[in-house]
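One structure is given here, and the rest of the page talks about it.
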2 protein chains.
Amino acid sequence: MNGAQSLVRTLVGCGVDVCFMNPGTSEMHFVATLDAVPEMRGVLTLFEGVATGAADGYGRMAGRPAATLLHLGPGLGNGLANLHNARRARTPIVNVVGDHATYHKKFDAPLESDIEAIARSVSPGFVRWGTASGTLGADTVEAYRAAMGPPGQVATLVVPADVSWGPGGVAAAPPFLAGRAPVDVARVTMVGDALRSGEPAALLLGSAALDATGIERANRVAAATGARLFSETFPARVRRGVGIPAVERIAYLGEMATAQLEGLRHLVLVDSKPPVSFFAYPGRPSWLAPEGCEVHVLSGPSDDTPATLEALVAELGAGPAPGGAAEPGRPGLPTGELTAGAVAEAIGALMPEHAIVSDESNTSGLFAAQATAGCPPHDWLYLTGGAIGQGLPLALGAAAACPDRPVLALQADGSSLYTLQSWWTMAREGLDVTTVLFNNHSYAILHMELARVGTEGVGERARHMLDLSPPDIDYAGLARSFGLSAWRSKSAEEFGAHLAEALATPGPSLVEAVLPGHPRGA
Amino acid sequence: MNGAQSLVRTLVGCGVDVCFMNPGTSEMHFVATLDAVPEMRGVLTLFEGVATGAADGYGRMAGRPAATLLHLGPGLGNGLANLHNARRARTPIVNVVGDHATYHKKFDAPLESDIEAIARSVSPGFVRWGTASGTLGADTVEAYRAAMGPPGQVATLVVPADVSWGPGGVAAAPPFLAGRAPVDVARVTMVGDALRSGEPAALLLGSAALDATGIERANRVAAATGARLFSETFPARVRRGVGIPAVERIAYLGEMATAQLEGLRHLVLVDSKPPVSFFAYPGRPSWLAPEGCEVHVLSGPSDDTPATLEALVAELGAGPAPGGAAEPGRPGLPTGELTAGAVAEAIGALMPEHAIVSDESNTSGLFAAQATAGCPPHDWLYLTGGAIGQGLPLALGAAAACPDRPVLALQADGSSLYTLQSWWTMAREGLDVTTVLFNNHSYAILHMELARVGTEGVGERARHMLDLSPPDIDYAGLARSFGLSAWRSKSAEEFGAHLAEALATPGPSLVEAVLPGHPRGA
């Protein structure tokens, strides 16, 4: 068994049986194992940002890592933005990067670069170099263990070509995984005291508290104490829909978030970070909690958040909450002009059961959450790290992890173009992803931000940098060229009909909603 | 004047008047200056790898830097692969990366990451943080000075948002630029002695020796001494065509390179590095010069290579070389099956005068150099760092630098998909770039490498990872969706007619050559 075979067999033994890849020459021995180890599913992507974003989507839905396979420093660089998002989501990923043969590095061949420095930026907790074929299996187990956490993380394993091709590989057994930290009773008591104080309080929920169980428990706490419930602005994954209490997200805009949090005396962090402004703005605060508001940490990334919430429920003697669960209800199909609101209504009217939503709709998607609140239960995935180009790869990976569930990608135009190559892999793999493409011909969010940051003297030349037209981009044409079924909709009626057809079409499809232009053009 | 204005005015004062950009919120103040400082041309790209590759193409042709404008660590990450290529090409680039406001960084907002670590990998010689609005102009001058070298480099200037928007900016005056090192007479004498020894010798030319003057001087040396002339495998830029002596490139495949260099006793490096294998292969050497061959350094990256070659000519008393200059001659238009060879012939038949060629044609372009050897003088740009996805952005940047010259992008299918967003910017800017897209439905080079690295047990599942079909990708459709004129050619006659039409069409266009499948399918 060579090193590469030991790597792949070890991964499969750990349950890591999907690899999103962009291999090059240094990774050919990994690729060559795919016939001998058919349990490993190789998924080819056309750009590394697709591979890493797909691994993020896969990990968020499967709860276990996918592997990536990237080609030296430049391949890792291409995948970096979505690994940044995965780091923020704490998604488990085994990030495999091929390198030159150990003895070849000193020659500074053209592709030589500082892989370690690049990898540390997204894998601060685990970067390991395979040094010998005989120990690569053991290295792989450590990478898997690190990826699984807690907390989950991107674990990078760098594999020199000669370590891959050398003999004496040994597949290593799956590791014992560390458990989460036991419930910290002192913290539970302290938070219980704060919530019983009668002072205005809120729970701020992060991803580990945003599954059905976590939300139910947090809702009991809220009902028993009068505390309010918020979620982080961009959690990795949220359960929502009929029967699940709705949790209010902290707004993206700092001034709106400040208004949401106004008057609070206690803010309880439940696997979340204190709310801060996404960007800094002149004269506006970065820290969003009101002055005098005490911030309590109930549970952190390595804690057992569900058990901690259960303990808090017990501490407070909180019985089943009488209300709060979302009622069934869908908007009707919209008519007339095709606006972002009309798109949201159509999505609410037609969203299939058991859906997964990958949301990178940015400004256009503001209405989608409300329009789908009464839809059947579904999972919603957000852009965790602010690095755009996540939405399509994330949808791809989620669909690979959950082949029986329909995936909806709500996708802003500008962001889609960072990783549009995702569409081809969706087509090749026959994944049931329906992309709703909001075409407002601009980076609309930047038109808003341009004013918010206090610029002066802005004219045509500056605004031209924020517009995606001219020339007009034909997103349906792009998707078709990659093998998708695609429609272009210019009215609400058209969009509803096209979306229904797209959802009924097996495999990937796209509906481009042509919206009424950017703010200055509309 | 705020910091951003001082930055942009300083750049313009240094002659840096084009900025390829993907701005976000942190860079809005830079964008806002574009109306007040109309001398700065902002060129919007849809993905950072396009911006950085375009800056590389611009710098190679203009001999002075373009600026980039990238959005924090993830934006830099997206641009990293083409900055890697630019580092290898030693292209001057002022790489501007926006960052969070200084006081905001401690809050670890979602987009926070280790910019320094990422930047160092491509800017080892210069990464500077703007720390105050009043000194940002001075920082900019230092970045420009560092970019210009010698040797040229990617100089990264990180600009926090509050340094951009803060008052008190001062535009700084252009710096005094360091000259190149004076001619090292001892080295010239030593090399002269080696070349006069009568032992088999060769000059290996890098980019600084590959303009018309450098080649002419090297050719005199060769004619006077019997030395052979080689060029690096992937130089940044080569002058070639009628009247210019042809220089043989060192082959990509190590075994072919070894054959080229066989028997040499002296190898003289002229702004080049010793030839090494691009990748390592089991049982094959990384160092390609024959045993017993002495390697002499005539000039390095910071030296004055043209003057050094002139001194060598004088040392040897080498008169004008009687021959070697390429004779006029073009192949005829091809007929019959459309093969890579036929595409090359059509290019040779039709290449316009004063052309610039951006060559990322990989395996498909093997015949292009020979077919164009007798075309009018032109410049040929190579993939310097092996990070694919360079070809289209490089063509874009070259066209922006040389608006009066036609640009040909010879582009392999797989590589094109890393930065296909380039086509939109070409259309928006009305750049005269004709893309010849070689569609062989595969990463053909990897089918070759899969065998060369000594893999065993390779079957369908492995080879599937190297194929770009199914589904078939419609490259002409992609280009049209981004606003280009595009044709799809399936015979040699069609290709010739389409290429002629594309070359006659103002603005960007694409001709997709549908070739006879990948190695295992053909």
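Residues in the structure tokens are numbered from 1 in each chain, the chains being A, B, ... in the order shown, and ligands are numbered from 1 in the order shown.
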
Residue list (alpha helix (DSSP H), DSSP) for stretch 178-229 of chain B, as a PyMOL selection string: chain B and resi 185-196+212-225

Restricted to N, CA and C atoms, what would the selected residues look like written as a short mmCIF file (atom, residue, chain, number, x, y, z; two decimals), in the first residue's frame?
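Final file, part28.cif:
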```cif
data_model
loop_
_atom_site.label_atom_id
_atom_site.label_comp_id
_atom_site.auth_asym_id
_atom_site.auth_seq_id
_atom_site.Cartn_x
_atom_site.Cartn_y
_atom_site.Cartn_z
N VAL B 185 32.08 43.02 -14.04
CA VAL B 185 33.08 42.72 -15.08
C VAL B 185 33.73 41.36 -14.85
N ALA B 186 33.93 41.01 -13.59
CA ALA B 186 34.56 39.72 -13.30
C ALA B 186 33.73 38.57 -13.86
N ARG B 187 32.41 38.69 -13.66
CA ARG B 187 31.53 37.63 -14.17
C ARG B 187 31.57 37.57 -15.70
N VAL B 188 31.57 38.75 -16.31
CA VAL B 188 31.61 38.79 -17.78
C VAL B 188 32.88 38.11 -18.28
N THR B 189 34.01 38.41 -17.64
CA THR B 189 35.28 37.80 -18.05
C THR B 189 35.25 36.29 -17.86
N MET B 190 34.71 35.88 -16.72
CA MET B 190 34.64 34.46 -16.41
C MET B 190 33.77 33.72 -17.44
N VAL B 191 32.62 34.32 -17.74
CA VAL B 191 31.73 33.69 -18.73
C VAL B 191 32.40 33.71 -20.10
N GLY B 192 33.07 34.82 -20.41
CA GLY B 192 33.80 34.90 -21.69
C GLY B 192 34.81 33.78 -21.80
N ASP B 193 35.54 33.53 -20.71
CA ASP B 193 36.53 32.44 -20.71
C ASP B 193 35.86 31.09 -20.95
N ALA B 194 34.74 30.88 -20.28
CA ALA B 194 34.04 29.60 -20.44
C ALA B 194 33.60 29.41 -21.89
N LEU B 195 33.07 30.49 -22.47
CA LEU B 195 32.55 30.37 -23.83
C LEU B 195 33.68 30.21 -24.85
N ARG B 196 34.86 30.76 -24.51
CA ARG B 196 36.01 30.63 -25.42
C ARG B 196 36.73 29.29 -25.25
N ALA B 212 13.91 42.22 -27.88
CA ALA B 212 14.61 42.17 -29.16
C ALA B 212 16.11 42.42 -28.98
N THR B 213 16.44 43.40 -28.11
CA THR B 213 17.85 43.73 -27.90
C THR B 213 18.60 42.58 -27.25
N GLY B 214 18.01 42.03 -26.20
CA GLY B 214 18.66 40.94 -25.47
C GLY B 214 18.90 39.75 -26.38
N ILE B 215 17.88 39.40 -27.15
CA ILE B 215 18.03 38.24 -28.03
C ILE B 215 19.10 38.51 -29.09
N GLU B 216 19.12 39.72 -29.61
CA GLU B 216 20.11 40.05 -30.64
C GLU B 216 21.53 39.91 -30.07
N ARG B 217 21.72 40.42 -28.85
CA ARG B 217 23.05 40.34 -28.23
C ARG B 217 23.42 38.88 -27.93
N ALA B 218 22.46 38.15 -27.38
CA ALA B 218 22.73 36.75 -27.08
C ALA B 218 23.05 35.98 -28.36
N ASN B 219 22.38 36.33 -29.41
CA ASN B 219 22.59 35.66 -30.69
C ASN B 219 23.99 35.94 -31.24
N ARG B 220 24.49 37.16 -31.04
CA ARG B 220 25.87 37.47 -31.43
C ARG B 220 26.85 36.60 -30.65
N VAL B 221 26.58 36.49 -29.35
CA VAL B 221 27.46 35.68 -28.51
C VAL B 221 27.45 34.23 -29.01
N ALA B 222 26.26 33.75 -29.32
CA ALA B 222 26.15 32.37 -29.78
C ALA B 222 26.89 32.18 -31.10
N ALA B 223 26.70 33.13 -32.02
CA ALA B 223 27.34 33.01 -33.33
C ALA B 223 28.87 33.06 -33.20
N ALA B 224 29.34 33.90 -32.28
CA ALA B 224 30.80 34.07 -32.14
C ALA B 224 31.46 32.90 -31.45
N THR B 225 30.71 32.18 -30.62
CA THR B 225 31.35 31.16 -29.78
C THR B 225 30.84 29.76 -30.02
#
```

All strand (DSSP E or B) residues (DSSP, backbone) inside stretch 381-508 of chain B, as a list in words: Leu381, Tyr382, Val407, Leu408, Ala409, Leu410, Gln411, Ala412, Val433, Thr434, Thr435, Val436, Leu437, Phe438, Asn439, Ser442, Asp467, Ser485, Ala486, Trp487, Arg488, Ser489 and Ser491 of chain B

Which residue of B:Pro393, B:Gly263, B:Pro124, B:Gly336 approaches chain A most closely, using only C-alpha atoms: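 Nearest candidate to chain A out of B:Pro393, B:Gly263, B:Pro124, B:Gly336: B:Pro124.
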
Distance query B:Tyr252 at most 12 Å, only C-alpha atoms, self and fewer than 6 positions along chain excluded, as a ChimeraX atom specification: /A:109-110 /B:231-234,258-260,275-279,288,362-363,366,383,386,445,449

Might you pull out every residue within 10 Å of A:Lys273, with only C-alpha atoms counted and same-chain residues fewer than 6 positions away left off, and present them as a PDB file with C-alpha atoms, in the first residue's frame?
```pdb
ATOM      1  CA  LEU A 204     -28.297  35.087  21.754  1.00  0.00           C
ATOM      2  CA  LEU A 205     -28.199  31.708  20.029  1.00  0.00           C
ATOM      3  CA  GLY A 206     -25.419  30.433  17.810  1.00  0.00           C
ATOM      4  CA  GLU A 232     -26.553  35.460  15.452  1.00  0.00           C
ATOM      5  CA  VAL A 295     -22.802  39.800  28.778  1.00  0.00           C
ATOM      6  CA  VAL A 297     -21.385  33.229  28.494  1.00  0.00           C
ATOM      7  CA  GLY A 300     -18.896  28.316  24.108  1.00  0.00           C
ATOM      8  CA  PRO A 301     -17.749  26.499  20.969  1.00  0.00           C
TER       9      PRO A 301
ATOM     10  CA  PHE B 107     -13.758  42.517  17.749  1.00  0.00           C
ATOM     11  CA  ASP B 108     -12.938  39.640  15.397  1.00  0.00           C
ATOM     12  CA  ALA B 109     -15.816  40.509  13.049  1.00  0.00           C
TER      13      ALA B 109
END
```

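Nearest residue to chain B, choosing from A:Ala89, A:Met351, A:Val8, A:Leu515 and counting only C-alpha atoms: A:Ala89.
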
Non-local contacts of B:Asp404 (12 Å; only C-alpha atoms; under 6 positions in same chain excluded) as a list in words: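 Residues meeting the cut-off are Pro352, Glu353, His354, Ala355, Ile356, Ala398, Leu431, Asp432, Val433, Pro506 and Gly507 of chain B.
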
Mind writing the picked residues with C-alpha atoms as a PDB file, in the first residue's frame?
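Output saved as out.pdb:
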```
ATOM      1  CA  PRO B 352      -2.376  40.226 -36.923  1.00  0.00           C
ATOM      2  CA  GLU B 353       0.583  42.606 -36.792  1.00  0.00           C
ATOM      3  CA  HIS B 354       1.902  43.828 -33.421  1.00  0.00           C
ATOM      4  CA  ALA B 355       0.056  41.057 -31.616  1.00  0.00           C
ATOM      5  CA  ILE B 356       0.439  40.131 -27.973  1.00  0.00           C
ATOM      6  CA  ALA B 398      -2.091  43.362 -21.579  1.00  0.00           C
ATOM      7  CA  LEU B 431     -10.722  45.413 -25.105  1.00  0.00           C
ATOM      8  CA  ASP B 432      -9.494  43.870 -28.334  1.00  0.00           C
ATOM      9  CA  VAL B 433      -8.851  40.361 -27.061  1.00  0.00           C
ATOM     10  CA  PRO B 506     -13.745  45.170 -32.613  1.00  0.00           C
ATOM     11  CA  GLY B 507     -13.764  44.405 -28.914  1.00  0.00           C
TER      12      GLY B 507
END
```

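Residue nearest A:Arg237 within the list A:Lys106, A:Arg9, A:Arg60, A:Arg330: A:Arg60 [criterion: smallest interatomic distance, only C-alpha atoms].
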